[in-house]
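Data file: entry12.txt. Format and content: compact mmCIF, C-alpha atoms.
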```txt
# COMPACT_ATOMS: atom_id res chain seq x y z
CA MET D 35 -29.69 19.36 13.14
CA ILE D 36 -27.72 17.90 10.26
CA VAL D 37 -25.63 14.79 10.82
CA LYS D 38 -23.10 13.87 8.18
CA ILE D 39 -21.48 10.50 7.64
CA LEU D 40 -18.08 11.02 6.02
CA GLY D 41 -16.93 7.95 4.12
CA SER D 42 -16.69 6.58 0.61
CA GLY D 43 -19.23 3.83 1.18
CA CYS D 44 -17.15 1.21 2.94
CA LYS D 45 -18.64 -1.36 5.28
CA LYS D 46 -17.62 0.67 8.32
CA CYS D 47 -19.37 3.78 6.98
CA LEU D 48 -22.61 1.82 6.68
CA ALA D 49 -22.18 0.54 10.23
CA LEU D 50 -21.67 4.09 11.47
CA GLU D 51 -24.78 5.19 9.63
CA THR D 52 -26.85 2.42 11.20
CA ASN D 53 -25.56 3.28 14.66
CA THR D 54 -26.24 6.97 14.10
CA LYS D 55 -29.83 6.27 13.10
CA ALA D 56 -30.25 4.14 16.21
CA ALA D 57 -28.77 6.87 18.42
CA LEU D 58 -31.06 9.53 16.92
CA GLN D 59 -34.06 7.31 17.49
CA THR D 60 -33.14 6.62 21.11
CA ALA D 61 -32.56 10.30 21.80
CA ALA D 62 -35.76 11.17 19.93
CA ILE D 63 -33.94 13.75 17.84
CA VAL D 64 -35.13 14.57 14.36
CA ALA D 65 -32.12 15.18 12.13
CA ASP D 66 -31.19 14.95 8.51
CA ILE D 67 -28.56 12.35 7.76
CA GLU D 68 -26.33 13.22 4.83
CA LYS D 69 -23.62 11.09 3.34
CA VAL D 70 -20.43 12.65 2.04
CA THR D 71 -18.76 10.14 -0.24
CA ASP D 72 -16.29 12.06 -2.43
CA VAL D 73 -12.71 11.66 -1.25
CA VAL D 74 -11.81 15.31 -1.70
CA ASP D 75 -15.06 16.50 -0.07
CA ILE D 76 -14.34 14.26 2.90
CA ALA D 77 -10.79 15.55 3.17
CA ARG D 78 -12.13 19.12 3.18
CA TYR D 79 -13.49 18.36 6.64
CA GLY D 80 -9.91 17.90 7.75
CA ILE D 81 -10.11 14.22 8.57
CA MET D 82 -7.56 11.67 7.39
CA SER D 83 -9.28 8.43 8.24
CA THR D 84 -12.82 7.32 7.60
CA PRO D 85 -15.53 6.86 8.65
CA GLY D 86 -16.04 10.30 10.12
CA LEU D 87 -19.02 11.85 11.83
CA ALA D 88 -19.92 15.54 11.67
CA ILE D 89 -22.73 17.15 13.62
CA ASP D 90 -23.82 20.48 12.14
CA ASP D 91 -20.63 20.51 10.07
CA LYS D 92 -18.39 20.06 13.09
CA VAL D 93 -16.31 16.88 12.99
CA VAL D 94 -16.79 14.92 16.20
CA SER D 95 -15.09 11.66 15.31
CA SER D 96 -12.93 10.03 12.67
CA GLY D 97 -11.44 6.65 11.94
CA ARG D 98 -13.80 4.69 14.15
CA VAL D 99 -17.27 3.17 14.12
CA LEU D 100 -18.86 4.70 17.20
CA SER D 101 -21.45 2.77 19.17
CA PRO D 102 -24.99 4.18 19.38
CA ALA D 103 -24.32 5.11 23.03
CA GLU D 104 -21.18 7.08 22.10
CA ILE D 105 -23.05 8.88 19.34
CA GLY D 106 -25.89 9.61 21.77
CA ALA D 107 -23.44 11.30 24.14
CA LEU D 108 -22.01 13.41 21.29
CA LEU D 109 -25.52 14.41 20.19
CA LYS D 110 -26.28 15.67 23.69
CA ILE D 111 -23.25 17.98 23.75
CA SER D 112 -24.02 19.43 20.34
CA MET J 121 21.94 -23.27 14.51
CA GLY J 122 22.47 -22.07 10.95
CA ASP J 123 20.82 -25.20 9.58
CA PHE J 124 17.85 -24.69 11.88
CA PHE J 125 17.38 -21.13 10.64
CA ILE J 126 17.54 -22.26 7.03
CA TRP J 127 15.00 -24.99 7.77
CA LEU J 128 12.71 -22.45 9.49
CA ASN J 129 13.08 -20.07 6.59
CA ASP J 130 12.34 -22.78 4.03
CA GLN J 131 9.29 -24.13 5.81
CA LEU J 132 7.69 -20.99 7.26
CA LEU J 133 8.59 -18.40 4.67
CA ARG J 134 9.14 -20.32 1.47
CA MET J 135 6.64 -22.97 2.54
CA GLN J 136 8.54 -25.91 1.12
CA TRP J 137 5.91 -28.19 2.72
CA LEU J 138 3.21 -26.50 0.65
CA SER J 139 5.23 -26.87 -2.53
CA ASP J 140 5.69 -30.58 -1.80
CA LEU J 141 2.00 -30.95 -1.00
CA VAL J 142 0.97 -29.25 -4.24
CA THR J 143 3.40 -31.46 -6.16
CA VAL J 144 1.62 -34.52 -4.77
CA LEU J 145 -1.76 -32.98 -5.61
CA VAL J 146 -0.74 -32.17 -9.19
CA ARG J 147 0.77 -35.62 -9.74
CA ASP J 148 -1.71 -37.88 -7.95
CA GLY J 149 -4.80 -35.67 -7.85
CA PHE J 150 -4.74 -34.30 -11.39
CA GLY J 151 -2.56 -36.98 -12.95
CA LEU J 152 -0.16 -34.38 -14.38
CA ASP J 153 3.59 -34.54 -14.40
CA PRO J 154 4.80 -31.58 -12.28
CA ALA J 155 7.82 -31.29 -14.57
CA SER J 156 5.65 -30.94 -17.68
CA GLN J 157 4.48 -27.63 -19.11
CA ILE J 158 0.87 -27.89 -17.93
CA GLY J 159 1.75 -29.55 -14.65
CA GLY J 160 4.36 -26.88 -13.96
CA SER J 161 1.89 -24.05 -14.61
CA VAL J 162 -0.76 -25.64 -12.42
CA HIS J 163 1.80 -26.15 -9.65
CA PHE J 164 3.06 -22.55 -9.91
CA PHE J 165 -0.49 -21.21 -9.79
CA ILE J 166 -1.84 -23.25 -6.87
CA TYR J 167 1.31 -23.00 -4.79
CA ASP J 168 1.79 -19.26 -5.30
CA VAL J 169 -1.86 -18.37 -4.70
CA ILE J 170 -2.07 -20.33 -1.45
CA LYS J 171 1.34 -19.11 -0.25
CA ILE J 172 0.59 -15.47 -0.97
CA PHE J 173 -2.82 -15.58 0.71
CA ILE J 174 -1.46 -17.29 3.84
CA LEU J 175 1.45 -14.85 4.16
CA LEU J 176 -0.77 -11.89 3.28
CA SER J 177 -3.35 -12.69 5.97
CA VAL J 178 -0.82 -13.32 8.72
CA LEU J 179 1.27 -10.27 7.82
CA ILE J 180 -1.61 -7.84 7.44
CA PHE J 181 -2.96 -8.92 10.81
CA GLY J 182 0.35 -8.25 12.52
CA ILE J 183 1.06 -5.00 10.72
CA SER J 184 -2.45 -3.65 11.21
CA TYR J 185 -2.11 -4.26 14.94
CA VAL J 186 1.07 -2.17 15.00
CA GLN J 187 -0.56 0.35 12.69
CA SER J 188 -3.43 0.92 15.11
CA TYR J 189 -0.89 2.71 17.31
CA PHE J 190 -0.07 5.13 14.48
CA PRO J 191 -3.26 6.77 13.25
CA PRO J 192 -2.59 9.49 10.64
CA GLU J 193 -3.14 12.21 13.24
CA ARG J 194 -0.31 10.82 15.34
CA THR J 195 1.95 10.40 12.30
CA ARG J 196 1.31 14.02 11.44
CA ARG J 197 2.18 15.12 14.98
CA ILE J 198 5.41 13.11 14.99
CA LEU J 199 6.43 14.56 11.62
CA GLY J 200 5.52 18.10 12.66
CA GLN J 201 8.06 17.92 15.46
CA ARG J 202 11.01 17.21 13.17
CA GLN J 203 12.89 19.37 10.77
CA GLY J 204 15.10 19.03 7.73
CA LEU J 205 16.34 15.68 6.54
CA GLY J 206 15.33 14.02 9.81
CA ALA J 207 11.70 14.75 9.03
CA ASN J 208 12.09 13.12 5.59
CA VAL J 209 13.67 10.04 7.12
CA PHE J 210 10.82 9.74 9.62
CA ALA J 211 8.24 10.30 6.87
CA ALA J 212 9.75 7.51 4.77
CA LEU J 213 9.88 5.17 7.77
CA LEU J 214 6.32 5.91 8.90
CA GLY J 215 5.21 5.37 5.31
CA THR J 216 6.15 1.71 5.70
CA ILE J 217 3.63 1.07 8.47
CA THR J 218 0.68 3.02 7.10
CA PRO J 219 -2.18 1.82 4.91
CA PHE J 220 -1.37 -0.06 1.73
CA CYS J 221 -3.97 1.65 -0.39
CA SER J 222 -3.25 4.50 -2.74
CA CYS J 223 -6.82 5.68 -2.10
CA SER J 224 -5.75 6.99 1.31
CA SER J 225 -3.05 9.19 -0.19
CA ILE J 226 -5.41 12.11 -0.93
CA PRO J 227 -6.81 12.54 2.59
CA LEU J 228 -3.27 12.22 3.94
CA PHE J 229 -1.92 14.77 1.48
CA ILE J 230 -4.61 17.31 2.38
CA GLY J 231 -4.37 16.55 6.10
CA PHE J 232 -0.58 16.93 6.18
CA THR J 233 -0.40 19.99 3.96
CA SER J 234 -3.20 21.92 5.65
CA ALA J 235 -1.51 21.32 9.00
CA GLY J 236 1.62 23.03 7.66
CA LEU J 237 3.91 20.08 7.00
CA PRO J 238 6.38 20.95 4.23
CA LEU J 239 5.85 19.38 0.79
CA ALA J 240 9.23 17.66 1.13
CA VAL J 241 8.03 15.64 4.11
CA THR J 242 4.59 14.91 2.68
CA PHE J 243 6.05 13.60 -0.57
CA SER J 244 8.62 11.43 1.20
CA PHE J 245 5.66 9.86 2.94
CA LEU J 246 3.61 9.57 -0.26
CA ILE J 247 6.44 7.84 -2.13
CA SER J 248 7.29 5.43 0.65
CA SER J 249 3.75 4.47 1.60
CA PRO J 250 2.74 2.37 -1.44
CA LEU J 251 6.30 1.37 -2.32
CA VAL J 252 7.60 -0.16 0.86
CA ASP J 253 5.57 -1.93 3.47
CA LEU J 254 6.45 -4.62 5.92
CA ALA J 255 4.24 -7.24 4.26
CA SER J 256 5.98 -6.80 0.92
CA VAL J 257 9.38 -7.17 2.59
CA ILE J 258 8.49 -10.56 4.06
CA LEU J 259 6.98 -11.66 0.73
CA LEU J 260 10.15 -10.60 -1.10
CA ALA J 261 12.17 -12.62 1.38
CA SER J 262 9.87 -15.57 0.78
CA ILE J 263 10.05 -15.42 -3.01
CA PHE J 264 13.66 -14.27 -3.42
CA ASN J 265 15.83 -14.04 -0.33
CA TRP J 266 16.52 -11.81 2.65
CA SER J 267 19.32 -9.77 1.12
CA ILE J 268 17.13 -8.82 -1.84
CA ALA J 269 14.23 -7.97 0.49
CA LEU J 270 16.40 -5.73 2.69
CA ALA J 271 18.06 -4.10 -0.31
CA TYR J 272 14.61 -3.36 -1.73
CA VAL J 273 13.52 -1.65 1.50
CA ALA J 274 16.73 0.32 1.83
CA ILE J 275 16.61 1.56 -1.73
CA GLY J 276 12.86 2.30 -1.53
CA LEU J 277 13.45 4.41 1.57
CA VAL J 278 16.35 6.24 -0.09
CA LEU J 279 14.13 7.02 -3.08
CA ALA J 280 11.41 8.36 -0.76
CA ILE J 281 13.84 10.49 1.25
CA LEU J 282 15.71 11.92 -1.75
CA GLY J 283 12.58 12.34 -3.89
CA GLY J 284 10.79 14.25 -1.14
CA THR J 285 13.86 16.40 -0.39
CA LEU J 286 14.25 17.28 -4.06
CA ILE J 287 10.59 18.31 -4.34
CA GLY J 288 11.16 20.47 -1.25
CA TYR J 289 14.10 22.27 -2.90
CA LEU J 290 12.01 23.13 -5.95
CA LYS J 291 9.70 25.32 -3.81
CA LEU J 292 6.47 24.27 -5.46
CA GLU J 293 4.15 25.25 -2.61
CA ASP J 294 2.15 27.46 -4.98
CA GLN J 295 1.46 24.42 -7.15
CA VAL J 296 -0.93 22.97 -4.60
CA GLU J 297 -4.64 23.71 -5.09
CA ALA J 298 -5.61 26.62 -2.82
CA PHE J 299 -8.44 24.81 -1.05
CA VAL J 300 -5.93 22.37 0.43
CA TYR J 301 -4.36 25.11 2.56
CA GLN J 302 -7.81 26.33 3.60
CA SER J 303 -8.97 22.93 4.79
CA PRO J 304 -9.51 22.79 8.53
CA VAL J 305 -7.21 20.69 10.68
CA SER J 306 -9.14 18.22 12.73
CA ASP J 307 -7.22 16.48 15.46
CA HIS J 308 -9.36 13.69 16.76
CA ASP J 309 -6.97 11.22 18.16
CA ASN J 310 -8.83 8.16 19.31
CA ASP J 311 -5.63 6.42 20.24
CA GLY J 312 -6.09 6.60 23.99
CA ALA J 313 -9.66 5.35 23.72
CA ILE J 314 -8.81 2.18 21.81
CA SER J 315 -8.72 -1.03 23.78
CA ARG J 316 -6.63 -4.04 22.92
CA ARG J 317 -9.78 -5.85 21.86
CA GLU J 318 -10.57 -3.05 19.41
CA ARG J 319 -7.05 -3.20 17.99
CA LEU J 320 -7.42 -6.94 17.40
CA THR J 321 -10.81 -6.42 15.78
CA TYR J 322 -9.32 -3.65 13.67
CA ALA J 323 -6.49 -5.94 12.57
CA ALA J 324 -8.93 -8.72 11.66
CA ASP J 325 -11.13 -6.24 9.76
CA GLN J 326 -8.09 -5.02 7.84
CA VAL J 327 -7.23 -8.58 6.77
CA VAL J 328 -10.75 -9.07 5.40
CA GLU J 329 -10.80 -5.66 3.75
CA ILE J 330 -7.37 -5.90 2.13
CA VAL J 331 -7.74 -9.50 0.98
CA HIS J 332 -11.11 -8.51 -0.47
CA ARG J 333 -9.46 -5.62 -2.31
CA VAL J 334 -6.36 -7.38 -3.64
CA TRP J 335 -7.39 -10.98 -4.31
CA ILE J 336 -8.17 -10.29 -7.95
CA TYR J 337 -4.74 -8.68 -8.49
CA VAL J 338 -3.06 -11.63 -6.84
CA LEU J 339 -4.93 -14.11 -9.06
CA ILE J 340 -4.16 -12.10 -12.22
CA GLY J 341 -0.54 -11.62 -11.14
CA VAL J 342 -0.02 -15.31 -10.40
CA GLY J 343 -1.80 -16.20 -13.65
CA ILE J 344 0.57 -13.99 -15.64
CA GLY J 345 3.48 -15.37 -13.62
CA ALA J 346 2.44 -18.97 -14.37
CA THR J 347 2.11 -18.14 -18.07
CA ILE J 348 5.53 -16.53 -18.21
CA HIS J 349 6.95 -19.39 -16.18
CA ASN J 350 5.93 -22.18 -18.53
CA TRP J 351 4.55 -20.88 -21.82
CA ILE J 352 6.48 -17.87 -23.02
CA PRO J 353 9.75 -18.89 -24.66
CA GLU J 354 12.85 -17.78 -22.81
CA THR J 355 14.32 -16.47 -26.05
CA PHE J 356 11.38 -14.07 -26.44
CA ILE J 357 11.70 -12.73 -22.90
CA SER J 358 15.44 -12.37 -23.05
CA ALA J 359 15.19 -10.60 -26.41
CA LEU J 360 12.90 -8.02 -24.80
CA LEU J 361 14.10 -7.87 -21.20
CA GLY J 362 17.35 -9.81 -21.15
CA GLN J 363 20.25 -8.81 -18.91
CA ASP J 364 22.38 -7.80 -21.88
CA LYS J 365 19.74 -5.45 -23.27
CA TRP J 366 20.33 -1.89 -22.19
CA TRP J 367 16.68 -0.97 -22.74
CA SER J 368 15.24 -3.69 -20.48
CA VAL J 369 14.86 -1.36 -17.47
CA LEU J 370 13.20 1.31 -19.61
CA VAL J 371 10.73 -1.20 -21.07
CA ALA J 372 9.88 -2.45 -17.56
CA THR J 373 9.28 1.13 -16.39
CA ILE J 374 7.12 2.15 -19.32
CA ALA J 375 5.04 -1.02 -18.97
CA GLY J 376 4.70 -0.65 -15.21
CA VAL J 377 3.97 3.04 -14.60
CA PRO J 378 0.38 3.29 -15.90
CA MET J 379 -0.51 -0.11 -14.49
CA TYR J 380 -2.40 -0.31 -11.27
CA ALA J 381 -1.93 -3.33 -9.09
CA ASP J 382 -1.01 -4.18 -5.60
CA ILE J 383 2.55 -5.16 -4.78
CA PHE J 384 1.22 -8.61 -3.89
CA GLY J 385 -0.02 -9.05 -7.44
CA THR J 386 3.24 -7.93 -9.03
CA LEU J 387 5.52 -10.17 -6.97
CA PRO J 388 4.63 -13.42 -8.78
CA ILE J 389 5.27 -11.69 -12.12
CA ALA J 390 8.68 -10.50 -10.93
CA GLU J 391 9.40 -14.00 -9.62
CA ALA J 392 8.62 -15.62 -12.99
CA LEU J 393 10.64 -12.97 -14.87
CA VAL J 394 13.73 -13.55 -12.73
CA GLN J 395 13.41 -17.32 -13.17
CA LYS J 396 13.38 -16.69 -16.93
CA GLY J 397 16.71 -14.91 -16.69
CA VAL J 398 15.51 -11.31 -16.51
CA GLY J 399 17.81 -9.09 -14.47
CA LEU J 400 16.90 -8.58 -10.84
CA GLY J 401 16.98 -4.81 -11.31
CA THR J 402 14.61 -5.01 -14.26
CA ALA J 403 12.13 -7.11 -12.26
CA LEU J 404 12.30 -4.80 -9.23
CA THR J 405 11.92 -1.74 -11.45
CA PHE J 406 8.76 -3.26 -12.87
CA MET J 407 7.41 -3.88 -9.36
CA MET J 408 8.26 -0.39 -8.18
CA ALA J 409 6.77 1.23 -11.27
CA VAL J 410 3.51 -0.63 -10.85
CA THR J 411 3.13 0.10 -7.14
CA ALA J 412 4.53 3.62 -6.78
CA LEU J 413 2.89 5.20 -9.79
CA SER J 414 -0.39 4.38 -11.46
CA LEU J 415 -2.94 6.13 -13.62
CA PRO J 416 -5.73 6.05 -10.99
CA SER J 417 -3.49 7.56 -8.30
CA MET J 418 -2.27 10.28 -10.69
CA ILE J 419 -5.86 11.21 -11.53
CA MET J 420 -6.58 11.42 -7.79
CA LEU J 421 -3.49 13.55 -7.09
CA LYS J 422 -4.39 15.88 -9.95
CA ARG J 423 -7.38 17.02 -7.91
CA VAL J 424 -5.18 18.43 -5.17
CA VAL J 425 -2.00 19.55 -6.97
CA LYS J 426 -1.45 21.52 -10.16
CA LEU J 427 0.04 19.96 -13.26
CA PRO J 428 3.68 21.14 -12.84
CA LEU J 429 3.96 19.60 -9.37
CA LEU J 430 2.33 16.40 -10.58
CA VAL J 431 4.78 16.21 -13.49
CA VAL J 432 7.74 16.84 -11.17
CA PHE J 433 6.53 14.12 -8.80
CA ILE J 434 6.04 11.57 -11.59
CA GLY J 435 9.35 12.59 -13.18
CA ILE J 436 11.41 12.24 -10.01
CA VAL J 437 9.90 8.88 -9.08
CA THR J 438 10.26 7.52 -12.63
CA VAL J 439 13.90 8.57 -12.95
CA GLY J 440 14.58 7.19 -9.47
CA ILE J 441 13.05 3.83 -10.34
CA ILE J 442 15.04 3.61 -13.58
CA LEU J 443 18.28 4.38 -11.74
CA ILE J 444 17.46 1.75 -9.14
CA GLY J 445 16.92 -0.79 -11.92
CA TYR J 446 20.32 -0.16 -13.47
CA ILE J 447 22.08 -0.14 -10.09
CA PHE J 448 20.45 -3.46 -9.10
CA ASN J 449 21.24 -5.04 -12.47
CA ALA J 450 24.89 -4.00 -12.15
CA THR J 451 25.19 -5.31 -8.59
CA ALA J 452 22.83 -8.31 -8.76
CA HIS J 453 25.68 -10.76 -8.18
CA LEU J 454 25.91 -9.44 -4.61
CA PHE J 455 22.38 -10.53 -3.77
CA VAL J 456 21.75 -13.88 -5.42
```

Could you spell out this file's structure in structure tokens?
Amino acid sequence: MIVKILGSGCKKCLALETNTKAALQTAAIVADIEKVTDVVDIARYGIMSTPGLAIDDKVVSSGRVLSPAEIGALLKIS
Amino acid sequence: MGDFFIWLNDQLLRMQWLSDLVTVLVRDGFGLDPASQIGGSVHFFIYDVIKIFILLSVLIFGISYVQSYFPPERTRRILGQRQGLGANVFAALLGTITPFCSCSSIPLFIGFTSAGLPLAVTFSFLISSPLVDLASVILLASIFNWSIALAYVAIGLVLAILGGTLIGYLKLEDQVEAFVYQSPVSDHDNDGAISRRERLTYAADQVVEIVHRVWIYVLIGVGIGATIHNWIPETFISALLGQDKWWSVLVATIAGVPMYADIFGTLPIAEALVQKGVGLGTALTFMMAVTALSLPSMIMLKRVVKLPLLVVFIGIVTVGIILIGYIFNATAHLFV
């Protein structure tokens, strides 16, 4: 599984990354976390507000810092 | 009733109390005569910086709260439902309550265009978004007066509507980089999931984020304003930008276009220029040129549109701003 954090490095993107790591740990999932920081690359995912979260290249959230529990639920569906 | 409103306006918006307080500080605290050159500069600087930061924080909090109801996905949906000139009007209006930063213009451009919104509508939005926002209106009212603030909004919206419409007529759809049309459209609308608490947190976060981003521009802007205010001879300024000089608007445009600053940083400069006898239109042209067009935002846009469309966009906005300058200069007596 590849989890991507979409965001140009703002404070909220870092928070989302921290929460994602926590969620992966809780769910005992091994995944690669990649950061997409270029504005155009981010926009290519079709999102208009950051931070965004993509699981296996599918955008699951944008414009919000999700809590670890919310991310955990999204990881289960994927 | 009228007197009460004027009092409210003077104290809350113009912050007469703050000006008085700073006068006392400059005179008794620093031992400077507020009417002297140094004392006047120090007063201008301290008063303007504190006033702008207070207004900025309060206004961004309020606007961000409203803005949390209009995430870009929702804006795009609203615009997608309209057609023709109505869509341009809505785009210009929605541009006034969306993010202040030109850095968000690229994701919005790609998101709107890939979802099939016409270029006319997208550009109306792109012109209006940095040019007119509610915070700048209140600040204009604080520094100048309400009729100037409202005229600025009205004319900014007209520029956005006409500029976008004109770009639409030119049929430049093929001048957008191909990958933009191929980008997927993601429609995650978190709106329903956001609680009031989250909106308040969002608004508070925005205040911190925006103040963090613009404080340096405000300090530089007020510094330049204070210098113009007390150190640059009026004869020099009026020789370059005076009301009787036909080139003043052109000079203001050429100086302002490549510059990158927030509207909050340019306001104190415009304020000082007007106090030195520069025409209102010239000062507003300078503000519009700085905020609507800048080198960094052009470099960003160049990544998603081809050169001819970029040139057309810059051309239309520049000509529009110049026209606005001359119109305001010719009709300034109606506003002051």

For J:Ile281, please output as a list in words all residues within 6 Å (counting all atoms listed in the file; exclusion window: fewer than 3 positions along the same chain). Asn208, Val209, Ser244, Val278 and Gly284 of chain J

Emit the selected residues as a PDB file, in the coordinates of the input, including C-alpha atoms.
```
ATOM      1  CA  ASN J 208      12.090  13.120   5.590  1.00  0.00           C
ATOM      2  CA  VAL J 209      13.670  10.040   7.120  1.00  0.00           C
ATOM      3  CA  SER J 244       8.620  11.430   1.200  1.00  0.00           C
ATOM      4  CA  VAL J 278      16.350   6.240  -0.090  1.00  0.00           C
ATOM      5  CA  GLY J 284      10.790  14.250  -1.140  1.00  0.00           C
TER       6      GLY J 284
END
```

Need to verify the contact set: stretch 46-54 of chain D, 7 Å, all atoms listed in the file, exclusion of same-chain residues closer than 3 positions in sequence. Can you return it as a VMD selection string? chain D and resid 39 41 43 57 to 58 85 99 to 102 105

Convert the current residue selection to file output with C-alpha atoms, as a JSON list (two decimals), in the frame of the given file.
```json
[["chain", "number", "residue", "atom", "x", "y", "z"],
["D", 39, "ILE", "CA", -21.48, 10.50, 7.64],
["D", 41, "GLY", "CA", -16.93, 7.95, 4.12],
["D", 43, "GLY", "CA", -19.23, 3.83, 1.18],
["D", 57, "ALA", "CA", -28.77, 6.87, 18.42],
["D", 58, "LEU", "CA", -31.06, 9.53, 16.92],
["D", 85, "PRO", "CA", -15.53, 6.86, 8.65],
["D", 99, "VAL", "CA", -17.27, 3.17, 14.12],
["D", 100, "LEU", "CA", -18.86, 4.70, 17.20],
["D", 101, "SER", "CA", -21.45, 2.77, 19.17],
["D", 102, "PRO", "CA", -24.99, 4.18, 19.38],
["D", 105, "ILE", "CA", -23.05, 8.88, 19.34]]
```

Counting all atoms listed in the file, the option among D:Ala56, D:Leu40, D:Ile76, D:Ile67 closest to J:Leu228: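 Under the stated criterion, the closest residue is D:Ile76.
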
Give the residues of chain J that lie within 12 Å of chain D; count all atoms listed in the file, and format the answer as a ChimeraX atom specification. /J:188,190-196,218-219,222-235,297-311,313-314,318-319,321-322,325-326,328-329,332-333,420-425

If I take atom CA of J:Leu259 and atom CA of J:Ser417, how far is one from the other in Å, to one decimal?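 If I compute the distance from atom CA of J:Leu259 to atom CA of J:Ser417, I get 23.7 Å.
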
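Here atom CA of J:Leu141 is placed at a distance of 16.2 Å from atom CA of J:Phe173.
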
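Nearest to J:Ser184 of all the residues J:Ala324, J:Ala240, J:Ile198, J:Ala269 is J:Ala324, based on all atoms listed in the file.
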
Counting only C-alpha atoms, the option among J:Ile383, J:Ala392, J:Leu290, J:Leu128 closest to J:Leu429: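 Between J:Ile383, J:Ala392, J:Leu290, J:Leu128, the residue approaching J:Leu429 most closely is J:Leu290.
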
What is the atom CA of J:His163 to atom CA of J:Ile344 distance in Å?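 Spanning atom CA of J:His163 to atom CA of J:Ile344 is a straight-line distance of 13.6 Å.
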
Within 12 Å of (4.3, -20.1, 13.2) in the file's own coordinates, which protein, DNA or RNA residues have an atom, counting all atoms listed in the file? List them as JSON, numbers by chain. {"J": [128, 129, 131, 132, 133, 135, 174, 175, 178, 179]}

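For J:Gly345, the set of protein, DNA and RNA residues having any atom at most 10 Å away, when counting all atoms listed in the file and skipping those fewer than 3 positions along the same chain, is Ser161, Phe164, Phe165, Asp168, Leu339, Ile340, Gly341, Val342, Ile348, His349, Asn350, Trp351, Gly385, Thr386, Leu387, Pro388, Ile389, Ala390, Glu391, Ala392 and Leu393 of chain J.
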
How would the residues just picked look written out with C-alpha atoms as an mmCIF file, in the coordinates of the input?
```cif
data_model
loop_
_atom_site.group_PDB
_atom_site.id
_atom_site.type_symbol
_atom_site.label_atom_id
_atom_site.label_comp_id
_atom_site.auth_asym_id
_atom_site.auth_seq_id
_atom_site.Cartn_x
_atom_site.Cartn_y
_atom_site.Cartn_z
ATOM 1 C CA SER J 161 1.890 -24.050 -14.610
ATOM 2 C CA PHE J 164 3.060 -22.550 -9.910
ATOM 3 C CA PHE J 165 -0.490 -21.210 -9.790
ATOM 4 C CA ASP J 168 1.790 -19.260 -5.300
ATOM 5 C CA LEU J 339 -4.930 -14.110 -9.060
ATOM 6 C CA ILE J 340 -4.160 -12.100 -12.220
ATOM 7 C CA GLY J 341 -0.540 -11.620 -11.140
ATOM 8 C CA VAL J 342 -0.020 -15.310 -10.400
ATOM 9 C CA ILE J 348 5.530 -16.530 -18.210
ATOM 10 C CA HIS J 349 6.950 -19.390 -16.180
ATOM 11 C CA ASN J 350 5.930 -22.180 -18.530
ATOM 12 C CA TRP J 351 4.550 -20.880 -21.820
ATOM 13 C CA GLY J 385 -0.020 -9.050 -7.440
ATOM 14 C CA THR J 386 3.240 -7.930 -9.030
ATOM 15 C CA LEU J 387 5.520 -10.170 -6.970
ATOM 16 C CA PRO J 388 4.630 -13.420 -8.780
ATOM 17 C CA ILE J 389 5.270 -11.690 -12.120
ATOM 18 C CA ALA J 390 8.680 -10.500 -10.930
ATOM 19 C CA GLU J 391 9.400 -14.000 -9.620
ATOM 20 C CA ALA J 392 8.620 -15.620 -12.990
ATOM 21 C CA LEU J 393 10.640 -12.970 -14.870
#
```

Tell me which protein, DNA and RNA residues are within 10 Å of stretch 430-432 of chain J, counting only C-alpha atoms, leaving out same-chain ones fewer than 4 positions away, and put them as number ranges by chain. J: 283, 286-287, 290, 292, 295-296, 418-419, 421-422, 424-426, 436-438

Spatial neighbours of J:Ala381, max dist 10 Å, all atoms listed in the file, sep filter under 3 positions, as a ChimeraX atom specification: /J:334,336-338,340-341,376,378,384-386,407,410-414

For J:Ile442, which residue among J:Tyr380, J:Phe455, J:Trp366, J:Trp137 is the nearest when counting only C-alpha atoms?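 Of J:Tyr380, J:Phe455, J:Trp366, J:Trp137, the one nearest J:Ile442 is J:Trp366, counting only C-alpha atoms.
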